[in-house]
Structures are given as structure tokens and as C-alpha cells.
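Here the structure comes first, spelled out in C-alpha cells, and everything after it is commentary.
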Amino acid sequence: MPRTAAPPPERTPAQDEPARQGRPLVRAFGVTAVLSLVASLLGLGRDLLLARYFGASEDTDAFLVAWTVPETAAPLLIDSAMPLLMMPAFSTAIASRSSVTTADPVGDGAAEVADPVRALVAATLPKLCLLLAAVSAATAFGAPSLVALLAPGLPDPPLAVTCTRLTSLTVLAFGISGYLASGLRAHQHFTAPATVYLAYNLGIVGLTALGHDGLGVRATALGTAVGGLLMVAAVLPAFSRHCCRLTLSLGRLRSAVRRPGPAAAPGLQVMLPVVVFALSRQCQVYIERALASPLNPGTISHLNYAEKVAQMPMAMAVMISTVSLPVVALAMVKGDVEHARDRTEKDLQMVAGIALTATAFLAVCAPQLVTLLFQRGAFTATDSAACAAVMRIYSLGLLGQALMGAVARPFFAARPVARCPSGGRSRLAGADRSGWFPALAMGAGLAVTVAIGVLTAPEFGASGLAAGNAAGITLTAALLLGRLRSRGIPVRLPALLSVLGRLTAAAVCAAGAAALAVATAGSDPLVAVLIGGAVTALAFAGSAWLLGVPVLRHALLSRVGNSAREDR
């Protein structure tokens with residue numbers, strides 16, 4: 001009598017729970033990835049316009065010194081410090097909402113103040129706006145001193161001062177939009193925050209295209225201010241709809257500030273380490289431009305173009321940890337350390353995979369990519385060769401850039417918090433001294449960047465500065481990864497390092513395969529880029545599969561298993 005196979009055991013709800021929890025993250029990452037990709041392409045169009053109209057010249061060097069203002073404000077107020085501060089704060093407020101009665105039977109607005117999210121917004125947003133306005137005004141007033149400090153050898157300081165005063169308006173706009181976007185992400189709304197850079201780049205591209213003839217590079221600087229206003233407009237309606245209606249009267253705001261409710265705002269002991277880390281991270285740009293300013297005209301521009309293109313895949317990689325940051329923060333608030341650890345480890349593996357794929361591609365195809373994107377108008381073949389050389393070296397630090405961004409988010413999200421007891425009140429408990437470690441690690445990386453830059457810039461120019469950048473940021477990422485356990489997320493470091501080693505080996509294999517393919521592609525840069533990109537992606541995925549990278553195998557096997565269950 002033929003034997004029949006036993007039916008597969010039914011999966012329990014507990015076994016399916018991780019998959020159910022992951023699906024919203026996958027959807028959120030998909031939406032965010034698409035919108036961010038469009039914004040990145042528009043940003044690339046912005047850089048192409050800048051290269052086409054102004055090339056790599058004294059004018060672009062002057063503008064790029066002024067660009068330091070939004071370039072510093074963006075990571076501080078949108079990408080790094082603001083989310084690291086406010087997403088855990090909003091997550092804590094959301095967790096305590098379930099134990100707060102929000103009914104308002106007398107209709108006097110007391111419930112609005114009692115709501116932890118409303119209390120948090122009322123206690124922080126007005127003060128933040130005043131602070132940002134003061135910093136914007138101080139930046140505009142001190143523009144001459146700032147330009148002299150950032151680029152002492154700049155050929156045209158007055159133009160840089162004018163552009164700096166225009167870009168100073170971005171400080172206020174970036175801070176408000178970053179705050180609102182953090183609240184939306186904490187509430188699991190990702191679409192509107194993903195449009196902020198789309199709106200920003202639209203403003204810059206529009207003003208540059210319309211005003212480059214009459215205003216020159218000042219039109220691009222003015223576009224940054226207009227783009228900042230568009231960023232606020234992109235997130236303000238969604239924040240009022242999903243998080244907190246910003247219609248409180250002045251008297252009610254004062255009442256909320258005096259009585260902030262169960263969700264306390266982050267204190268100075270929490271904010272200061274995050275702000276110092278974000279600023280020190282941006283110091284790499286200051287160092288590069290200060291060391292590049294006495295070099296040949298256009299050196300700063302070559303560094304800028306190379307970094308902007310190389311950072312596109314890195315930004316896509318770090319987006320993974322940005323989407324999952326509210327999940328990690330909420331898990332830590334609730335004391336679910338295992339969930340936070342598993343989510344963090346998966347994020348780090350995926351981030352490393354994307355960054356290393358980009359490294360393999362850029363190491364092989366940088367000359368063809370730069371020629372395809374930039375070599376037209378005032379951007380010459382000599383500029384393309386210099387920019388491609390910088391991009392190849394800079395790409396060696398992409399893994400460090402991506403891992404540093406991905407590790408910093410759970411590092412700060414895991415700062416000590418008071419858990420949400422059944423009684424109801426939950427608040428941020430402050431930070432211990434381990435919160436300063438990222439700034440110290442960044443300081444060590446900056447020391448390496450300065451040392452290599454000073455030693456190599458006179459001989460190798462921008463390529464030496466790019467090497468210092470890559471070495472310094474890689475050291476910082478390694479130090480942060482080794483210290484993550486001290487913040488309460490017990491990542492399994494030996495297993496994670498083993499995966500990173502296998503991913504690196506896969507990237508080497510992919511680069512070799514791409515180099516062989518590009519060698520047969522002929523002289524057309526478009527054909528070379530398309531063939532190189534396709535071969536790099538396929539070779540990396542195949543090598544990673546053969547080397548047994550867990551996140552790739554589990555994702556594919558899970559997909560196959562889900563399809564089989566759906567067929568049954």
C-alpha cells in the first residue's frame with residue numbers, strides 16, 4: 001500500500017507574527033524608496049544643471065561653500081539629529097497614549113493638553129521654531145566670517161557670502177520639516193516625509209533653470225530657500241491630519257508648555273550628544289573644503305560631484321534603518337530587546353549589501369558614469385577624469401558611511417528609557433555617558449581624515465582627501481558597531497562580522513565580473529554603465545547566495561514558502 005506524506009503542520013499565529021509585523025515595513029520601505037529615488041534623480045538633475053551652466057569653476061566653488069549651510073542643516077535637522085531625538089520621544093508618547101484618557105466632556109480643550117503627543121508638540125515645537133529662527137539670522141549676519149573660516153583661500157569671497165545669506169533660510173525650514181517628518185514616521189506614516197527632498201530639489205531646479213542667466217549661481221542659492229519652504233508645505237498638512245492639529249491658541253500653548261503631560265521632551269542630556277555627533281559627522285565636509293580651497297580651482301567641485309553621485313546608493317541603504325527606527329524605538333520603550341536586536345541585525349545586513357554592491361559598481365564604472373552624467377557644457381573631459389578618480393576612492397568608504405548611519409539610529413533609539421507600565425506614565429529617562437560615544441568615535445575618524453588629508457593633498461589633491469574621508473568614516477563605523485551592545489541592543493557581533501565578510505567577498509567577485517563585462521562594452525558610456533550595472537547586481541546576488549548570506553537566503557526562501565502556501 002503506497003505511503004502518503006503527512007500534511008505539513010499548520011503554522012501558529014505566533015510563528016506568523018514576525019512576517020505580519022514585517023509587511024508594513026516592506027510596504028513603507030517600498031513607498032519611501034520610490035519617492036526617495038525620484039528625489040535623488042531630481043537632485044542629480046540639480047547637479048547636472050549646476051555642472052552644465054557653471055562647470056567646475058570659481059563660481060561653483062563659491063556656491064559650494066555656501067552649500068555647506070543646507071548640507072550641515074540637512075543631516076542635523078532632517079536625516080540624523082532630529083529623527084534620533086524626536087522619533088523615540090514620539091514613540092514614547094504614542095506608547096503612553098493607551099493609558100491616557102482623552103475624552104473632553106466639558107469641551108474646554110483639557111483633553112488636547114492631556115494627550116501625550118499634543119503635550120510633546122506644545123512643549124517642543126514653539127521653542128524649536130524660535131531657536132531655528134535665531135540660528136538662521138545669526139548665520140546670515142555672520143556669513144563673511146563663516147566663509148573666511150570654511151574656505152580661507154577662496155577666489156571670490158563676496159559671491160560666497162551672498163549665497164550663504166540666501167542658504168541660511170534653510171535652517172528654519174529644515175528644522176520645522178524635520179520635526180514634522182519625525183512625528184509622521186513615529187506614527188507609521190512614511191509617504192509625506194519621503195517627499196520632502198522631492199519638494200526641495202524642485203525648488204532648486206526650478207530657480208536654477210529660470211534664473212541662471214540673470215542671477216548666475218545666486219539663482220541656485222535662492223532655490224535652496226524656496227525649496228526649504230516647499231519642504232514644510234509637503235509635511236505640514238499630513239502632520240496636522242495624522243499626528244497633532246496645529247491649531248491651538250496661544251494661551252493653550254502656554255498652558256501646555258507649563259504642563260507638558262506624561263510625555264516629557266528630550267532633555268539637554270539627551271539632545272547634546274546627538275547634536276554634537278551630527279555636527280562632527282558633517283565636519284568631514286568642512287575639512288575637505290578647507291584643505292581643498294588652496295588647491296587648483298574646481299577641486300571642491302570635483303569632490304562635490306563625486307560625493308553626490310556616490311552617496312545616492314548609500315542614502316538608499318540608510319533609508320532601511322530610517323523606516324525601521326520607529327519600530328526599534330517602540331520595542332525598546334516596551335522592553336522587547338530581542339525584537340529590537342533582530343530588526344537591527346537584519347537592517348545592518350541589508351544596508352551593507354546595498355553599499356557594497358554600489359562600491360563594486362563605482363570602482364569599475366566611475367569613468368563611464370561621470371562622462372555620461374556630467375561631460376557636457378562647461379564640464380570638460382579633464383573634469384570628468386578628475387571626478388572619476390575621486391569617485392573610485394570615495395566609494396571605498398561607502399560601507400563605512402552606510403553602517404555608521406545604520407548603527408547610529410538604533411544606538412540613540414536605545415538610550416535608557418522608562419518603560420511603559422500598566423499604570424500608564426512613560427517618559428524619557430535621559431541618557432547615560434555612553435550616549436557620547438558616537439561623537440568620540442566620530443572624533444577619532446576625523447583625526448584620521450585630517451592626518452591623511454594633510455599628508456596626501458599636496459601630492460594627490462582631491463584623491464588624497466577622498467582617501468582620508470573613506471578611512472576616517474570606516475574607523476568610526478567600526479567603533480560604533482563594536483559598542484552597540486552597551487546601549488542595550490545585544491547584537492551578535494561575531495555572526496554579523498561573518499556576514500559582512502561574506503558580503504565583501506561577494507562585492508569583490510561582482511567587481512571582477514563587471515570589469516570583464518565592461519572591457520567588452522566598447523567606448524559608449526551608456527552601454528558600459530548599463531552592462532556594468534546589470535553584471536554587478538547579478539554577480540553580487542549570486543555570489544552572496546553561494547556564500548550563504550542569511551538575509552538573502554531567508555528572504556528568498558520565505559518568498560518561496562509564502563507562494564507555496566498561497567498555491568495550496
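Residues are referred to by chain and number: the chain letter is A, B, ... according to the order shown in the C-alpha cells, the number counts from 1 in that chain, and ligands are numbered separately from 1 in the order shown.
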
Item to check | Close residues, Gln349 in chain A itself excluded, 8 Å, only C-alpha atoms, min 3 positions apart in chain, as a VMD selection string | outcome: chain A and resid 345 to 346 352 to 353 496 499 to 500 551

Next on the checklist: DSSP on the backbone: which residues in range 330-417 of chain A end up as alpha helix (DSSP H)? Give the answer as a PyMOL selection string.
Outcome noted: chain A and resi 330-334+337-374+381-395+398-413

Next on the checklist: Nearest residue to Leu76 in chain A out of A:Val274, A:Leu166, A:Ala511, A:Met231, using only C-alpha atoms?
Outcome noted: A:Val274

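All residues of protein, DNA or RNA that reach within 9 Å of Met442 in chain A, judged by only C-alpha atoms and not counting those fewer than 6 positions away in the chain, are Phe277, Ser280, Arg281, Gly472, Ile473, Leu475, Thr476, Ala477, Leu479 and Leu480 of chain A.
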
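For the set A:Ala225, A:Ala317, A:Ala123, A:Val171, the residue with the smallest atom-to-atom gap to Thr32 in chain A is A:Ala317, counting only C-alpha atoms.
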
Next on the checklist: Using only C-alpha atoms, which protein or nucleic acid residues come within 8 Å of Thr167 in chain A? Drop anything in the same chain fewer than 6 positions from it, and give the result as an MDAnalysis selection string.
Outcome noted: chainID A and resid 66:67 69:70 221:222 224:225

So that I can see what lies close to Ala439 in chain A, please list as a PDB file with N, CA and C atoms, in the first residue's frame the residues with an atom at most 12 Å from it, counting only C-alpha atoms and leaving out residues fewer than 2 positions away in the same chain.
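For reference, around_18.pdb as written:
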```pdb
ATOM      1  N   ALA A  81      20.089  64.120  13.512  1.00  0.00           N
ATOM      2  CA  ALA A  81      19.849  64.509  14.898  1.00  0.00           C
ATOM      3  C   ALA A  81      18.362  64.616  15.239  1.00  0.00           C
ATOM      4  N   LEU A 272      22.222  66.886  23.603  1.00  0.00           N
ATOM      5  CA  LEU A 272      23.572  67.345  23.317  1.00  0.00           C
ATOM      6  C   LEU A 272      24.446  66.292  22.637  1.00  0.00           C
ATOM      7  N   PRO A 273      24.478  65.025  23.107  1.00  0.00           N
ATOM      8  CA  PRO A 273      25.302  64.037  22.405  1.00  0.00           C
ATOM      9  C   PRO A 273      24.886  63.826  20.957  1.00  0.00           C
ATOM     10  N   VAL A 274      23.580  63.866  20.679  1.00  0.00           N
ATOM     11  CA  VAL A 274      23.099  63.655  19.315  1.00  0.00           C
ATOM     12  C   VAL A 274      23.514  64.818  18.423  1.00  0.00           C
ATOM     13  N   VAL A 275      23.349  66.042  18.925  1.00  0.00           N
ATOM     14  CA  VAL A 275      23.699  67.225  18.130  1.00  0.00           C
ATOM     15  C   VAL A 275      25.198  67.267  17.859  1.00  0.00           C
ATOM     16  N   VAL A 276      26.003  66.990  18.875  1.00  0.00           N
ATOM     17  CA  VAL A 276      27.455  67.007  18.684  1.00  0.00           C
ATOM     18  C   VAL A 276      27.878  65.939  17.687  1.00  0.00           C
ATOM     19  N   PHE A 277      27.268  64.760  17.758  1.00  0.00           N
ATOM     20  CA  PHE A 277      27.593  63.701  16.801  1.00  0.00           C
ATOM     21  C   PHE A 277      27.252  64.128  15.375  1.00  0.00           C
ATOM     22  N   ALA A 278      26.057  64.694  15.181  1.00  0.00           N
ATOM     23  CA  ALA A 278      25.644  65.097  13.832  1.00  0.00           C
ATOM     24  C   ALA A 278      26.554  66.188  13.275  1.00  0.00           C
ATOM     25  N   LEU A 279      26.921  67.146  14.119  1.00  0.00           N
ATOM     26  CA  LEU A 279      27.806  68.214  13.661  1.00  0.00           C
ATOM     27  C   LEU A 279      29.209  67.690  13.364  1.00  0.00           C
ATOM     28  N   SER A 280      29.709  66.819  14.225  1.00  0.00           N
ATOM     29  CA  SER A 280      31.044  66.274  13.984  1.00  0.00           C
ATOM     30  C   SER A 280      31.073  65.419  12.726  1.00  0.00           C
ATOM     31  N   ARG A 281      29.961  64.755  12.446  1.00  0.00           N
ATOM     32  CA  ARG A 281      29.883  63.978  11.207  1.00  0.00           C
ATOM     33  C   ARG A 281      30.009  64.897   9.991  1.00  0.00           C
ATOM     34  N   GLN A 282      29.395  66.055  10.062  1.00  0.00           N
ATOM     35  CA  GLN A 282      29.458  66.986   8.938  1.00  0.00           C
ATOM     36  C   GLN A 282      30.817  67.659   8.832  1.00  0.00           C
ATOM     37  N   CYS A 283      31.618  67.572   9.893  1.00  0.00           N
ATOM     38  CA  CYS A 283      32.941  68.200   9.860  1.00  0.00           C
ATOM     39  C   CYS A 283      33.834  67.605   8.784  1.00  0.00           C
ATOM     40  N   MET A 404      27.677  53.425   9.484  1.00  0.00           N
ATOM     41  CA  MET A 404      27.630  54.444  10.523  1.00  0.00           C
ATOM     42  C   MET A 404      26.218  55.014  10.656  1.00  0.00           C
ATOM     43  N   ALA A 408      23.989  54.275  14.018  1.00  0.00           N
ATOM     44  CA  ALA A 408      23.684  55.424  14.874  1.00  0.00           C
ATOM     45  C   ALA A 408      22.209  55.481  15.239  1.00  0.00           C
ATOM     46  N   PHE A 411      21.438  53.012  17.946  1.00  0.00           N
ATOM     47  CA  PHE A 411      22.271  53.391  19.089  1.00  0.00           C
ATOM     48  C   PHE A 411      21.576  54.453  19.935  1.00  0.00           C
ATOM     49  N   PHE A 412      21.066  55.495  19.281  1.00  0.00           N
ATOM     50  CA  PHE A 412      20.400  56.555  20.031  1.00  0.00           C
ATOM     51  C   PHE A 412      18.964  56.189  20.387  1.00  0.00           C
ATOM     52  N   ARG A 433      26.361  58.188  30.018  1.00  0.00           N
ATOM     53  CA  ARG A 433      27.533  58.706  29.308  1.00  0.00           C
ATOM     54  C   ARG A 433      27.827  57.952  28.024  1.00  0.00           C
ATOM     55  N   SER A 434      27.286  56.754  27.870  1.00  0.00           N
ATOM     56  CA  SER A 434      27.528  56.023  26.619  1.00  0.00           C
ATOM     57  C   SER A 434      26.941  56.756  25.417  1.00  0.00           C
ATOM     58  N   GLY A 435      26.003  57.683  25.653  1.00  0.00           N
ATOM     59  CA  GLY A 435      25.450  58.459  24.558  1.00  0.00           C
ATOM     60  C   GLY A 435      26.474  59.351  23.879  1.00  0.00           C
ATOM     61  N   TRP A 436      27.589  59.616  24.555  1.00  0.00           N
ATOM     62  CA  TRP A 436      28.639  60.441  23.963  1.00  0.00           C
ATOM     63  C   TRP A 436      29.584  59.634  23.086  1.00  0.00           C
ATOM     64  N   PHE A 437      29.486  58.320  23.112  1.00  0.00           N
ATOM     65  CA  PHE A 437      30.458  57.518  22.374  1.00  0.00           C
ATOM     66  C   PHE A 437      30.443  57.792  20.866  1.00  0.00           C
ATOM     67  N   ALA A 441      33.724  58.573  18.737  1.00  0.00           N
ATOM     68  CA  ALA A 441      34.128  57.745  17.596  1.00  0.00           C
ATOM     69  C   ALA A 441      34.280  58.600  16.350  1.00  0.00           C
ATOM     70  N   MET A 442      33.370  59.555  16.174  1.00  0.00           N
ATOM     71  CA  MET A 442      33.468  60.447  15.029  1.00  0.00           C
ATOM     72  C   MET A 442      34.718  61.318  15.136  1.00  0.00           C
ATOM     73  N   GLY A 443      35.075  61.723  16.357  1.00  0.00           N
ATOM     74  CA  GLY A 443      36.296  62.484  16.550  1.00  0.00           C
ATOM     75  C   GLY A 443      37.533  61.698  16.143  1.00  0.00           C
ATOM     76  N   ALA A 444      37.560  60.410  16.488  1.00  0.00           N
ATOM     77  CA  ALA A 444      38.681  59.570  16.069  1.00  0.00           C
ATOM     78  C   ALA A 444      38.737  59.460  14.548  1.00  0.00           C
ATOM     79  N   GLY A 445      37.581  59.302  13.912  1.00  0.00           N
ATOM     80  CA  GLY A 445      37.553  59.240  12.458  1.00  0.00           C
ATOM     81  C   GLY A 445      38.009  60.540  11.810  1.00  0.00           C
ATOM     82  N   LEU A 446      37.611  61.670  12.416  1.00  0.00           N
ATOM     83  CA  LEU A 446      38.032  62.963  11.873  1.00  0.00           C
ATOM     84  C   LEU A 446      39.542  63.147  11.996  1.00  0.00           C
ATOM     85  N   THR A 476      35.163  55.092  12.172  1.00  0.00           N
ATOM     86  CA  THR A 476      34.021  55.481  13.013  1.00  0.00           C
ATOM     87  C   THR A 476      32.946  54.402  13.023  1.00  0.00           C
ATOM     88  N   ALA A 477      32.622  53.849  11.861  1.00  0.00           N
ATOM     89  CA  ALA A 477      31.598  52.806  11.782  1.00  0.00           C
ATOM     90  C   ALA A 477      32.008  51.576  12.574  1.00  0.00           C
ATOM     91  N   LEU A 479      34.025  51.428  15.203  1.00  0.00           N
ATOM     92  CA  LEU A 479      33.927  51.718  16.632  1.00  0.00           C
ATOM     93  C   LEU A 479      32.474  51.705  17.104  1.00  0.00           C
ATOM     94  N   LEU A 480      31.571  52.281  16.331  1.00  0.00           N
ATOM     95  CA  LEU A 480      30.158  52.304  16.720  1.00  0.00           C
ATOM     96  C   LEU A 480      29.567  50.898  16.755  1.00  0.00           C
TER      97      LEU A 480
END
```

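Remark: for Lys308 in chain A, the closest of the candidate residues A:Gly542, A:Gly45, A:Pro157, A:Pro116 is A:Gly45 (distances computed over only C-alpha atoms).
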
Using only C-alpha atoms, I'd like a table of the residues in range 110-187 of chain A that come within 6 Å of range 289-302 of chain A; for each, show the closest atom pair and its distance in Å rounded to one decimal, ordered by chain and ascending number, as a tab-separated table.
```
residue	atom	partner	partner_atom	distance
A:Leu150	CA	A:Ala290	CA	5.7
A:Ala151	CA	A:Ala290	CA	5.1
A:Gly153	CA	A:Pro294	CA	5.1
A:Leu154	CA	A:Ser293	CA	5.8
```

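Our summary of the geometry notes that CA of Ala355 in chain A is positioned 14.1 Å from CA of Ile393 in chain A.
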
Next on the checklist: Give me the residues near range 212-218 of chain A as a PyMOL selection string, where near means some atom within 10 Å (using only C-alpha atoms) and where sequence neighbours in that chain fewer than 6 positions away do not count.
Outcome noted: chain A and resi 49-50+53-54+59-60+62-64+159-160+162-164+166-167

Take the residues that were just selected and, keeping N, CA and C atoms, output them as a compact mmCIF listing (two decimals), in the first residue's frame.
```txt
# COMPACT_ATOMS: atom_id res chain seq x y z
N LEU A 49 22.50 70.37 -13.85
CA LEU A 49 22.28 71.76 -14.25
C LEU A 49 23.43 72.65 -13.77
N LEU A 50 23.85 72.42 -12.54
CA LEU A 50 24.95 73.21 -11.99
C LEU A 50 26.22 73.00 -12.82
N TYR A 53 25.64 74.65 -16.49
CA TYR A 53 25.63 76.11 -16.58
C TYR A 53 26.91 76.75 -16.05
N PHE A 54 27.54 76.12 -15.05
CA PHE A 54 28.67 76.78 -14.39
C PHE A 54 29.95 75.95 -14.38
N ASP A 59 32.92 80.14 -9.55
CA ASP A 59 31.52 80.36 -9.14
C ASP A 59 30.96 79.16 -8.40
N THR A 60 31.20 77.97 -8.94
CA THR A 60 30.67 76.77 -8.26
C THR A 60 31.38 76.54 -6.95
N ALA A 62 32.43 78.90 -4.97
CA ALA A 62 31.82 79.86 -4.05
C ALA A 62 30.44 79.37 -3.60
N PHE A 63 29.66 78.85 -4.53
CA PHE A 63 28.34 78.34 -4.15
C PHE A 63 28.47 77.15 -3.22
N LEU A 64 29.40 76.27 -3.48
CA LEU A 64 29.52 75.05 -2.67
C LEU A 64 29.99 75.36 -1.25
N LEU A 159 30.90 86.62 -3.48
CA LEU A 159 29.86 85.77 -4.05
C LEU A 159 29.45 84.69 -3.06
N ALA A 160 30.43 84.09 -2.39
CA ALA A 160 30.12 83.05 -1.40
C ALA A 160 29.31 83.62 -0.24
N THR A 162 27.16 86.20 -0.35
CA THR A 162 25.79 86.40 -0.83
C THR A 162 25.02 85.09 -0.86
N CYS A 163 25.64 84.05 -1.41
CA CYS A 163 24.98 82.74 -1.48
C CYS A 163 24.73 82.18 -0.08
N THR A 164 25.65 82.40 0.85
CA THR A 164 25.48 81.90 2.22
C THR A 164 24.29 82.55 2.90
N LEU A 166 21.63 83.65 1.46
CA LEU A 166 20.41 83.08 0.89
C LEU A 166 20.15 81.67 1.45
N THR A 167 21.19 80.87 1.55
CA THR A 167 21.00 79.50 2.03
C THR A 167 20.74 79.44 3.53
```

Item to check | Long-range neighbours of Tyr394 in chain A as number ranges by chain, 10 Å cut-off, only C-alpha atoms, 5 positions minimum in chain | outcome: A: 303, 306-307, 310-311, 359, 362-363, 388-389, 463-471

Atoms to include: all heavy atoms. Write the selected residues as a short mmCIF file (atom, residue, chain, number, x, y, z; two decimals), in the first residue's frame.
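The resulting file, selection35.cif, is shown below:
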```cif
data_model
loop_
_atom_site.label_atom_id
_atom_site.label_comp_id
_atom_site.auth_asym_id
_atom_site.auth_seq_id
_atom_site.Cartn_x
_atom_site.Cartn_y
_atom_site.Cartn_z
N LEU A 303 35.19 67.17 -5.84
CA LEU A 303 34.81 66.42 -4.64
C LEU A 303 33.30 66.37 -4.48
O LEU A 303 32.73 65.31 -4.16
CB LEU A 303 35.44 67.06 -3.40
CG LEU A 303 36.94 66.86 -3.18
CD1 LEU A 303 37.47 67.82 -2.13
CD2 LEU A 303 37.22 65.42 -2.76
N ALA A 306 31.56 64.06 -7.18
CA ALA A 306 31.86 62.65 -6.92
C ALA A 306 31.07 62.14 -5.71
O ALA A 306 30.50 61.05 -5.73
CB ALA A 306 33.36 62.46 -6.70
N GLU A 307 31.03 62.93 -4.65
CA GLU A 307 30.35 62.50 -3.43
C GLU A 307 28.84 62.43 -3.64
O GLU A 307 28.18 61.51 -3.14
CB GLU A 307 30.69 63.45 -2.28
CG GLU A 307 32.13 63.35 -1.83
CD GLU A 307 32.48 64.35 -0.74
OE1 GLU A 307 31.54 65.04 -0.27
OE2 GLU A 307 33.65 64.45 -0.38
N ALA A 310 28.10 59.21 -5.56
CA ALA A 310 28.42 58.02 -4.78
C ALA A 310 27.49 57.84 -3.58
O ALA A 310 27.23 56.71 -3.14
CB ALA A 310 29.87 58.08 -4.30
N GLN A 311 26.97 58.95 -3.05
CA GLN A 311 26.12 58.85 -1.86
C GLN A 311 24.68 58.46 -2.17
O GLN A 311 23.93 58.14 -1.25
CB GLN A 311 26.13 60.19 -1.11
CG GLN A 311 27.39 60.41 -0.30
CD GLN A 311 27.31 61.66 0.54
OE1 GLN A 311 26.49 62.54 0.30
NE2 GLN A 311 28.18 61.76 1.53
N THR A 359 29.66 49.96 -4.21
CA THR A 359 31.12 50.07 -4.25
C THR A 359 31.70 49.31 -5.43
O THR A 359 32.57 49.81 -6.16
CB THR A 359 31.74 49.56 -2.94
OG1 THR A 359 31.27 50.36 -1.85
CG2 THR A 359 33.25 49.61 -2.98
N LEU A 362 30.82 51.28 -8.72
CA LEU A 362 31.54 52.54 -8.90
C LEU A 362 33.03 52.32 -9.11
O LEU A 362 33.68 53.06 -9.84
CB LEU A 362 31.30 53.45 -7.70
CG LEU A 362 29.87 53.97 -7.53
CD1 LEU A 362 29.73 54.75 -6.24
CD2 LEU A 362 29.48 54.85 -8.72
N ALA A 363 33.59 51.31 -8.46
CA ALA A 363 35.01 51.04 -8.65
C ALA A 363 35.32 50.68 -10.09
O ALA A 363 36.41 50.97 -10.60
CB ALA A 363 35.45 49.90 -7.72
N ALA A 388 36.09 61.21 -11.71
CA ALA A 388 36.02 59.74 -11.66
C ALA A 388 37.07 59.17 -10.73
O ALA A 388 36.80 58.20 -10.00
CB ALA A 388 36.18 59.17 -13.07
N ALA A 389 38.27 59.73 -10.74
CA ALA A 389 39.32 59.25 -9.84
C ALA A 389 38.91 59.44 -8.38
O ALA A 389 39.10 58.55 -7.53
CB ALA A 389 40.62 59.99 -10.12
N SER A 463 42.05 63.33 -4.66
CA SER A 463 42.07 61.89 -4.41
C SER A 463 42.59 61.60 -3.01
O SER A 463 42.10 60.69 -2.33
CB SER A 463 42.95 61.19 -5.45
OG SER A 463 42.39 61.32 -6.74
N GLY A 464 43.58 62.35 -2.54
CA GLY A 464 44.06 62.17 -1.19
C GLY A 464 43.02 62.53 -0.15
O GLY A 464 42.88 61.85 0.88
N LEU A 465 42.25 63.60 -0.41
CA LEU A 465 41.18 63.98 0.51
C LEU A 465 40.09 62.91 0.55
O LEU A 465 39.53 62.61 1.62
CB LEU A 465 40.59 65.32 0.09
CG LEU A 465 41.54 66.52 0.11
CD1 LEU A 465 40.85 67.77 -0.40
CD2 LEU A 465 42.10 66.74 1.51
N ALA A 466 39.77 62.33 -0.60
CA ALA A 466 38.76 61.27 -0.64
C ALA A 466 39.24 60.04 0.13
O ALA A 466 38.45 59.37 0.82
CB ALA A 466 38.45 60.89 -2.09
N ALA A 467 40.54 59.73 0.05
CA ALA A 467 41.08 58.60 0.80
C ALA A 467 40.97 58.84 2.30
O ALA A 467 40.63 57.93 3.07
CB ALA A 467 42.54 58.36 0.40
N GLY A 468 41.24 60.06 2.74
CA GLY A 468 41.09 60.38 4.15
C GLY A 468 39.65 60.25 4.61
O GLY A 468 39.37 59.76 5.71
N ASN A 469 38.72 60.68 3.78
CA ASN A 469 37.29 60.55 4.09
C ASN A 469 36.92 59.08 4.27
O ASN A 469 36.27 58.71 5.26
CB ASN A 469 36.48 61.19 2.96
CG ASN A 469 34.98 61.17 3.22
OD1 ASN A 469 34.39 60.13 3.44
ND2 ASN A 469 34.37 62.34 3.16
N ALA A 470 37.32 58.24 3.32
CA ALA A 470 36.95 56.82 3.37
C ALA A 470 37.55 56.13 4.60
O ALA A 470 36.86 55.36 5.29
CB ALA A 470 37.42 56.12 2.09
N ALA A 471 38.81 56.43 4.90
CA ALA A 471 39.46 55.78 6.04
C ALA A 471 38.84 56.24 7.36
O ALA A 471 38.58 55.43 8.26
CB ALA A 471 40.96 56.08 6.02
#
```
